[in-house]
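Structure file final13.cif; described as mmCIF, C-alpha atoms and all ligand atoms.
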data_target
loop_
_atom_site.label_atom_id
_atom_site.label_comp_id
_atom_site.auth_asym_id
_atom_site.auth_seq_id
_atom_site.Cartn_x
_atom_site.Cartn_y
_atom_site.Cartn_z
CA MET A 1 96.59 -125.31 -45.64
CA PRO A 2 94.43 -128.13 -47.14
CA LYS A 3 93.23 -127.53 -50.69
CA PRO A 4 89.57 -126.48 -50.81
CA ASP A 5 87.04 -128.78 -52.46
CA ILE A 6 86.26 -126.67 -55.53
CA TYR A 7 83.02 -128.67 -56.08
CA ASP A 8 81.64 -127.94 -52.60
CA PRO A 9 78.46 -125.87 -53.27
CA ALA A 10 79.48 -123.38 -50.54
CA TYR A 11 82.85 -122.84 -52.27
CA VAL A 12 81.16 -122.43 -55.69
CA LYS A 13 78.70 -119.95 -54.19
CA GLY A 14 81.64 -117.86 -52.88
CA VAL A 15 83.29 -117.79 -56.31
CA PHE A 16 80.12 -116.55 -58.00
CA ASP A 17 79.17 -114.12 -55.23
CA ARG A 18 82.57 -112.47 -55.73
CA CYS A 19 82.34 -112.55 -59.56
CA SER A 20 78.79 -111.33 -59.85
CA GLY A 21 79.50 -107.62 -60.31
CA LYS A 22 81.71 -108.12 -63.34
CA TYR A 23 80.42 -111.47 -64.61
CA ILE A 24 78.30 -110.18 -67.49
CA ALA A 25 81.01 -107.98 -69.02
CA PHE A 26 83.82 -110.49 -68.40
CA SER A 27 81.90 -113.40 -69.88
CA TYR A 28 80.93 -111.39 -72.99
CA VAL A 29 84.30 -109.78 -73.68
CA CYS A 30 86.52 -112.76 -72.82
CA SER A 31 84.48 -115.17 -74.90
CA LEU A 32 84.56 -112.66 -77.79
CA GLY A 33 80.76 -112.68 -77.81
CA PHE A 34 80.57 -116.47 -78.22
CA THR A 35 78.75 -117.09 -74.92
CA GLU A 36 75.85 -114.94 -76.07
CA ARG A 37 75.67 -116.75 -79.41
CA TRP A 38 75.81 -120.14 -77.64
CA ARG A 39 73.01 -119.19 -75.22
CA LYS A 40 70.83 -118.30 -78.21
CA GLN A 41 71.64 -121.64 -79.89
CA CYS A 42 70.96 -123.55 -76.67
CA VAL A 43 67.56 -121.88 -76.36
CA ALA A 44 66.75 -122.59 -80.04
CA ALA A 45 67.72 -126.26 -79.53
CA LEU A 46 65.03 -126.54 -76.85
CA GLY A 47 62.52 -126.57 -79.73
CA LEU A 48 59.32 -125.70 -77.85
CA GLU A 49 56.18 -126.01 -79.97
CA SER A 50 54.86 -122.71 -81.35
CA THR A 51 51.48 -123.03 -79.64
CA GLY A 52 50.54 -123.79 -76.07
CA ARG A 53 51.49 -122.32 -72.71
CA PHE A 54 54.76 -123.27 -71.12
CA SER A 55 56.48 -122.91 -67.80
CA GLY A 56 59.84 -124.27 -66.77
CA TYR A 57 63.17 -123.80 -65.07
CA ASP A 58 66.41 -122.02 -65.86
CA LEU A 59 68.86 -123.93 -63.65
CA MET A 60 72.07 -122.19 -62.51
CA ALA A 61 70.42 -119.09 -63.94
CA GLY A 62 73.12 -116.65 -62.78
CA THR A 63 72.33 -113.16 -63.96
CA GLY A 64 69.47 -114.32 -66.16
CA GLU A 65 71.43 -114.24 -69.40
CA ALA A 66 69.18 -116.84 -71.04
CA TRP A 67 65.87 -115.06 -70.29
CA PRO A 68 65.90 -112.50 -73.16
CA HIS A 69 66.54 -115.35 -75.64
CA LEU A 70 63.82 -117.52 -74.10
CA ILE A 71 61.24 -114.75 -74.23
CA GLU A 72 62.29 -113.58 -77.69
CA GLN A 73 62.19 -117.07 -79.22
CA TYR A 74 59.15 -118.33 -77.29
CA ALA A 75 56.91 -115.35 -76.56
CA HIS A 76 54.21 -117.79 -75.35
CA ILE A 77 56.27 -118.88 -72.31
CA ASP A 78 54.16 -118.12 -69.22
CA ARG A 79 56.74 -118.52 -66.50
CA ILE A 80 60.48 -119.05 -66.06
CA ILE A 81 61.54 -120.21 -62.61
CA ALA A 82 65.19 -119.29 -62.22
CA VAL A 83 67.24 -121.28 -59.71
CA ASP A 84 70.68 -120.20 -58.47
CA ILE A 85 72.74 -120.71 -55.33
CA SER A 86 74.52 -117.35 -55.45
CA SER A 87 72.87 -114.41 -53.76
CA GLY A 88 75.29 -112.07 -55.58
CA MET A 89 74.17 -113.43 -58.96
CA HIS A 90 70.57 -113.37 -57.70
CA GLN A 91 70.75 -109.69 -56.73
CA ARG A 92 72.37 -108.85 -60.04
CA ALA A 93 69.63 -110.72 -61.87
CA MET A 94 66.91 -108.82 -60.04
CA ASP A 95 68.59 -105.50 -60.85
CA ARG A 96 68.65 -106.46 -64.50
CA LEU A 97 65.01 -107.49 -64.67
CA HIS A 98 63.00 -105.31 -66.99
CA GLN A 99 59.44 -104.51 -66.08
CA MET A 100 58.20 -106.25 -69.22
CA ARG A 101 59.89 -109.52 -68.18
CA ALA A 102 59.42 -109.43 -64.41
CA HIS A 103 55.88 -110.82 -64.51
CA LYS A 104 57.18 -113.97 -66.25
CA ILE A 105 60.05 -114.71 -63.88
CA ASP A 106 60.24 -116.21 -60.41
CA PHE A 107 63.58 -116.52 -58.66
CA VAL A 108 64.47 -119.31 -56.24
CA GLU A 109 67.75 -118.98 -54.37
CA ASP A 110 68.67 -122.62 -53.87
CA ASP A 111 71.30 -125.31 -54.29
CA VAL A 112 69.95 -127.46 -57.15
CA LEU A 113 71.74 -130.49 -55.69
CA ALA A 114 69.63 -130.25 -52.54
CA SER A 115 66.58 -128.92 -54.28
CA LYS A 116 63.20 -130.62 -54.36
CA LEU A 117 61.59 -129.13 -57.44
CA ALA A 118 58.06 -130.48 -57.75
CA THR A 119 57.75 -133.73 -59.69
CA GLY A 120 56.49 -133.24 -63.25
CA SER A 121 56.34 -129.47 -62.77
CA ALA A 122 58.35 -128.43 -65.86
CA ASP A 123 57.43 -128.15 -69.52
CA PHE A 124 61.06 -127.29 -70.11
CA ILE A 125 64.42 -127.07 -68.36
CA ILE A 126 67.28 -124.98 -69.67
CA SER A 127 70.75 -124.35 -68.33
CA THR A 128 73.52 -122.28 -69.88
CA PHE A 129 77.07 -122.64 -68.54
CA GLY A 130 75.94 -124.21 -65.28
CA LEU A 131 77.41 -127.72 -65.65
CA LYS A 132 81.12 -127.13 -65.16
CA THR A 133 81.08 -126.48 -61.42
CA PHE A 134 79.74 -129.98 -60.74
CA ASN A 135 81.73 -133.20 -60.45
CA PRO A 136 80.45 -136.49 -61.99
CA THR A 137 78.53 -137.52 -58.83
CA GLN A 138 76.80 -134.15 -58.82
CA HIS A 139 76.03 -134.52 -62.56
CA GLU A 140 74.24 -137.79 -61.71
CA GLN A 141 72.18 -135.96 -59.06
CA LEU A 142 71.35 -133.24 -61.59
CA ALA A 143 70.30 -135.83 -64.20
CA GLN A 144 67.90 -137.35 -61.61
CA LEU A 145 66.50 -133.92 -60.82
CA VAL A 146 65.89 -133.20 -64.53
CA ALA A 147 64.16 -136.56 -65.08
CA ASN A 148 61.97 -136.10 -62.00
CA THR A 149 61.06 -132.46 -62.62
CA LEU A 150 60.11 -132.69 -66.31
CA ARG A 151 56.57 -133.69 -67.19
CA SER A 152 56.10 -136.38 -69.81
CA GLY A 153 56.81 -134.68 -73.17
CA GLY A 154 58.83 -131.95 -71.44
CA LYS A 155 62.03 -130.77 -73.15
CA PHE A 156 65.49 -129.77 -72.00
CA SER A 157 68.62 -128.12 -73.35
CA PHE A 158 71.98 -127.65 -71.61
CA ILE A 159 75.18 -126.03 -72.86
CA GLU A 160 78.64 -125.64 -71.35
CA ALA A 161 82.08 -124.36 -72.40
CA SER A 162 84.13 -127.46 -73.18
CA ASP A 163 87.50 -128.86 -74.13
CA PRO A 164 87.52 -129.12 -77.97
CA LYS A 165 89.52 -132.37 -78.16
CA GLY A 166 90.74 -133.17 -81.66
CA TRP A 167 90.38 -129.60 -82.97
CA TRP A 168 93.65 -128.38 -84.48
CA LEU A 169 93.34 -125.00 -82.74
CA ARG A 170 92.79 -126.65 -79.32
CA PRO A 171 96.30 -125.73 -77.99
CA LEU A 172 95.65 -122.08 -78.78
CA TYR A 173 92.22 -122.23 -77.15
CA LEU A 174 93.63 -123.85 -73.99
CA PHE A 175 96.44 -121.30 -73.88
CA TYR A 176 93.79 -118.59 -74.02
CA LEU A 177 91.75 -120.21 -71.21
CA LYS A 178 94.67 -121.09 -68.94
CA ALA A 179 97.14 -118.25 -69.55
CA VAL A 180 95.49 -115.25 -71.18
CA LEU A 181 92.29 -115.12 -69.07
CA PRO A 182 94.14 -115.36 -65.71
CA LEU A 183 96.48 -112.60 -66.90
CA VAL A 184 93.56 -110.37 -67.89
CA GLU A 185 92.06 -111.01 -64.48
CA ARG A 186 95.30 -110.22 -62.62
CA LEU A 187 95.76 -106.99 -64.58
CA PHE A 188 92.20 -105.69 -64.66
CA LEU A 189 90.48 -107.21 -61.65
CA ARG A 190 93.11 -106.39 -59.07
CA GLY A 191 94.67 -109.81 -58.75
CA ALA A 192 91.43 -111.70 -58.11
CA LYS A 193 91.54 -115.38 -59.03
CA ASP A 194 87.84 -116.11 -59.30
CA PHE A 195 87.45 -115.94 -63.06
CA SER A 196 90.59 -118.08 -63.46
CA MET A 197 88.71 -120.68 -61.41
CA ILE A 198 86.05 -120.67 -64.12
CA GLY A 199 88.79 -121.59 -66.66
CA GLN A 200 89.87 -124.46 -64.39
CA TYR A 201 86.30 -125.72 -64.02
CA SER A 202 85.85 -125.64 -67.82
CA THR A 203 88.96 -127.69 -68.59
CA ASN A 204 88.15 -130.22 -65.81
CA PHE A 205 84.63 -130.57 -67.24
CA GLY A 206 85.72 -131.99 -70.62
CA ASN A 207 82.44 -132.06 -72.51
CA ALA A 208 78.74 -132.85 -72.06
CA SER A 209 78.83 -136.42 -73.46
CA ASP A 210 78.98 -138.14 -70.03
CA PHE A 211 76.10 -135.99 -68.79
CA ALA A 212 74.11 -136.97 -71.92
CA GLU A 213 74.64 -140.63 -71.00
CA MET A 214 73.51 -139.99 -67.40
CA LEU A 215 70.30 -138.40 -68.68
CA ARG A 216 69.69 -141.45 -70.91
CA ARG A 217 70.16 -143.72 -67.89
CA GLN A 218 67.34 -141.73 -66.24
CA GLY A 219 65.05 -142.73 -69.13
CA LEU A 220 65.28 -139.46 -71.06
CA LYS A 221 65.92 -139.06 -74.78
CA ALA A 222 69.20 -137.16 -74.96
CA GLU A 223 71.33 -136.03 -77.90
CA PHE A 224 74.89 -134.78 -77.44
CA ARG A 225 75.67 -131.62 -79.46
CA LYS A 226 78.86 -129.75 -80.34
CA TYR A 227 78.94 -126.00 -80.87
CA PHE A 228 81.82 -124.32 -82.71
CA PHE A 229 84.23 -127.27 -83.04
CA GLY A 230 83.37 -128.44 -79.53
CA CYS A 231 84.44 -125.24 -77.73
CA ALA A 232 80.98 -125.58 -76.22
CA THR A 233 78.97 -128.79 -76.01
CA GLY A 234 75.46 -129.49 -74.91
CA VAL A 235 72.73 -132.01 -74.55
CA VAL A 236 69.23 -131.66 -75.90
CA GLY A 237 66.26 -133.93 -75.42
CA SER A 238 62.93 -134.76 -73.91
CA LYS A 239 61.09 -137.01 -71.46
CA PRO A 240 59.11 -139.74 -73.28
C1 LIG B 301 78.82 -119.67 -65.05
S1 LIG B 301 77.38 -119.18 -64.20
C2 LIG B 301 76.18 -119.31 -65.49
C3 LIG B 301 75.13 -118.26 -65.36
C4 LIG B 301 74.15 -118.11 -66.54
N1 LIG B 301 73.28 -119.25 -66.68
C5 LIG B 301 74.84 -117.78 -67.86
O1 LIG B 301 74.38 -118.21 -68.91
O2 LIG B 301 75.82 -117.03 -67.84
C6 LIG B 301 77.03 -120.59 -63.23
C7 LIG B 301 75.97 -120.34 -62.20
O3 LIG B 301 75.68 -121.57 -61.52
C8 LIG B 301 75.37 -121.26 -60.18
N2 LIG B 301 75.51 -122.48 -59.38
C9 LIG B 301 76.63 -123.19 -59.16
N3 LIG B 301 76.38 -124.25 -58.38
C10 LIG B 301 75.05 -124.21 -58.10
C11 LIG B 301 74.17 -125.06 -57.33
N4 LIG B 301 74.63 -126.13 -56.68
N5 LIG B 301 72.87 -124.73 -57.28
C12 LIG B 301 72.39 -123.64 -57.94
N6 LIG B 301 73.18 -122.81 -58.66
C13 LIG B 301 74.49 -123.09 -58.76
C14 LIG B 301 76.37 -120.16 -59.84
O4 LIG B 301 75.97 -119.40 -58.71
C15 LIG B 301 76.38 -119.35 -61.12
O5 LIG B 301 75.43 -118.30 -61.08
#

Please express the file's structure as structure tokens.
Amino acid sequence: MPKPDIYDPAYVKGVFDRCSGKYIAFSYVCSLGFTERWRKQCVAALGLESTGRFSGYDLMAGTGEAWPHLIEQYAHIDRIIAVDISSGMHQRAMDRLHQMRAHKIDFVEDDVLASKLATGSADFIISTFGLKTFNPTQHEQLAQLVANTLRSGGKFSFIEASDPKGWWLRPLYLFYLKAVLPLVERLFLRGAKDFSMIGQYSTNFGNASDFAEMLRRQGLKAEFRKYFFGCATGVVGSKP
């Protein structure tokens, strides 16, 4: 049987539709709480001004893990438009919505690579752990979308689990990603291989430095950032 294209949006959607039920717990426990800390740091790096009214996008929003941090750190945000391709993640996100947040959140079920978000419609764009399931060509498309969707002065922050090249504990970290996580999945999730796919996407991804360069080529100011020895990396910046 031919190998599937693991970067085909339909394939990625299937992986996340199947993972959605257990995604929140798995991501928290298996990252030892780091993913939650990194989301908070990614949101802080956005650096929205303390006054004004803001609306923007959470791309590859999944189960809405970034929303509590966004609303806690920037209570003056008017609207978050969450975009995700997975109906499983979408449903999960809606179930998790609290009444107090629902009025600030719109949900668009869409493939961001085919998406036509309105030009200049965003004061901010955030994305947590949504970069790894794209290949370099798709990262270029995403960089174009970000540049087109942000208004002048608009800000962005992305973060993704990465390969901490040069860190002395890297072999241990990769062993954890490539051997321990798949074993946990086989034992506790009845032999499913979907979360192991997430480990494969992360190691293929490398880090966010190439994506930072693509954003610069689109005319954006973009700064590459490392979180915890490069186990996560991100890019933060703005549209001049
Ligand atoms: C690892 S999850 C991250 C979810 C969440 N942002 C978080 O912090 O945990 C990646 C998400 O990207 C979504 N996704 C992948 N490819 C997409 C695409 N082409 N368009 C929109 N969403 C996509 C998946 O459905 C999944 O919900």

Within 7 Å of ligand LIG 301 (chain B) (only C-alpha atoms and all ligand atoms), residues as a ChimeraX atom specification: /A:9,12-13,16,39,59-66,83-86,89,110-113,127-130,133

Which protein, DNA or RNA residues have an atom at most 12 Å from (67.9, -126.6, -73.3), counting all atoms listed in the file? List them as a PDB file with C-alpha atoms, keeping the file's coordinate frame.
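Output contents, as saved in selection.pdb:
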ATOM      1  CA  TRP A  38      75.810-120.140 -77.640  1.00  0.00           C
ATOM      2  CA  ARG A  39      73.010-119.190 -75.220  1.00  0.00           C
ATOM      3  CA  LYS A  40      70.830-118.300 -78.210  1.00  0.00           C
ATOM      4  CA  GLN A  41      71.640-121.640 -79.890  1.00  0.00           C
ATOM      5  CA  CYS A  42      70.960-123.550 -76.670  1.00  0.00           C
ATOM      6  CA  VAL A  43      67.560-121.880 -76.360  1.00  0.00           C
ATOM      7  CA  ALA A  44      66.750-122.590 -80.040  1.00  0.00           C
ATOM      8  CA  ALA A  45      67.720-126.260 -79.530  1.00  0.00           C
ATOM      9  CA  LEU A  46      65.030-126.540 -76.850  1.00  0.00           C
ATOM     10  CA  GLY A  47      62.520-126.570 -79.730  1.00  0.00           C
ATOM     11  CA  LEU A  48      59.320-125.700 -77.850  1.00  0.00           C
ATOM     12  CA  GLY A  56      59.840-124.270 -66.770  1.00  0.00           C
ATOM     13  CA  TYR A  57      63.170-123.800 -65.070  1.00  0.00           C
ATOM     14  CA  ASP A  58      66.410-122.020 -65.860  1.00  0.00           C
ATOM     15  CA  LEU A  59      68.860-123.930 -63.650  1.00  0.00           C
ATOM     16  CA  ALA A  66      69.180-116.840 -71.040  1.00  0.00           C
ATOM     17  CA  HIS A  69      66.540-115.350 -75.640  1.00  0.00           C
ATOM     18  CA  LEU A  70      63.820-117.520 -74.100  1.00  0.00           C
ATOM     19  CA  ASP A 123      57.430-128.150 -69.520  1.00  0.00           C
ATOM     20  CA  PHE A 124      61.060-127.290 -70.110  1.00  0.00           C
ATOM     21  CA  ILE A 125      64.420-127.070 -68.360  1.00  0.00           C
ATOM     22  CA  ILE A 126      67.280-124.980 -69.670  1.00  0.00           C
ATOM     23  CA  SER A 127      70.750-124.350 -68.330  1.00  0.00           C
ATOM     24  CA  THR A 128      73.520-122.280 -69.880  1.00  0.00           C
ATOM     25  CA  PHE A 129      77.070-122.640 -68.540  1.00  0.00           C
ATOM     26  CA  GLY A 130      75.940-124.210 -65.280  1.00  0.00           C
ATOM     27  CA  VAL A 146      65.890-133.200 -64.530  1.00  0.00           C
ATOM     28  CA  GLY A 154      58.830-131.950 -71.440  1.00  0.00           C
ATOM     29  CA  LYS A 155      62.030-130.770 -73.150  1.00  0.00           C
ATOM     30  CA  PHE A 156      65.490-129.770 -72.000  1.00  0.00           C
ATOM     31  CA  SER A 157      68.620-128.120 -73.350  1.00  0.00           C
ATOM     32  CA  PHE A 158      71.980-127.650 -71.610  1.00  0.00           C
ATOM     33  CA  ILE A 159      75.180-126.030 -72.860  1.00  0.00           C
ATOM     34  CA  GLU A 160      78.640-125.640 -71.350  1.00  0.00           C
ATOM     35  CA  ALA A 222      69.200-137.160 -74.960  1.00  0.00           C
ATOM     36  CA  GLU A 223      71.330-136.030 -77.900  1.00  0.00           C
ATOM     37  CA  PHE A 224      74.890-134.780 -77.440  1.00  0.00           C
ATOM     38  CA  ARG A 225      75.670-131.620 -79.460  1.00  0.00           C
ATOM     39  CA  THR A 233      78.970-128.790 -76.010  1.00  0.00           C
ATOM     40  CA  GLY A 234      75.460-129.490 -74.910  1.00  0.00           C
ATOM     41  CA  VAL A 235      72.730-132.010 -74.550  1.00  0.00           C
ATOM     42  CA  VAL A 236      69.230-131.660 -75.900  1.00  0.00           C
ATOM     43  CA  GLY A 237      66.260-133.930 -75.420  1.00  0.00           C
ATOM     44  CA  SER A 238      62.930-134.760 -73.910  1.00  0.00           C
TER      45      SER A 238
END

So what do you get for CA of Gln200 in chain A versus CA of Cys231 in chain A, distance-wise?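 Separation of CA of Gln200 in chain A and CA of Cys231 in chain A: 14.4 Å.
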
Gap from CA of Ser31 in chain A to CA of Ser202 in chain A - Å, one decimal: 12.7 Å

Please measure the separation of CA of Pro171 in chain A and CA of Ala212 in chain A, giving the value in Å to one decimal. 25.6 Å

May I ask which of the residues A:Thr149, A:Trp167, A:Ala161, A:Asp8 is the closest one to Gly206 in chain A, counting all atoms listed in the file? A:Ala161

Identify, on the basis of all atoms listed in the file, every residue whose closest approach to Ala147 in chain A does not exceed 9 Å; exclude the query and any residue fewer than 5 positions from it along the same chain; express the result as a PDB file with C-alpha atoms, keeping the file's coordinate frame.
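part_7.pdb, written as the output of this step:
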ATOM      1  CA  THR A 119      57.750-133.730 -59.690  1.00  0.00           C
ATOM      2  CA  GLY A 120      56.490-133.240 -63.250  1.00  0.00           C
ATOM      3  CA  LEU A 142      71.350-133.240 -61.590  1.00  0.00           C
ATOM      4  CA  LEU A 215      70.300-138.400 -68.680  1.00  0.00           C
ATOM      5  CA  GLN A 218      67.340-141.730 -66.240  1.00  0.00           C
ATOM      6  CA  GLY A 219      65.050-142.730 -69.130  1.00  0.00           C
ATOM      7  CA  LEU A 220      65.280-139.460 -71.060  1.00  0.00           C
ATOM      8  CA  LYS A 239      61.090-137.010 -71.460  1.00  0.00           C
TER       9      LYS A 239
END
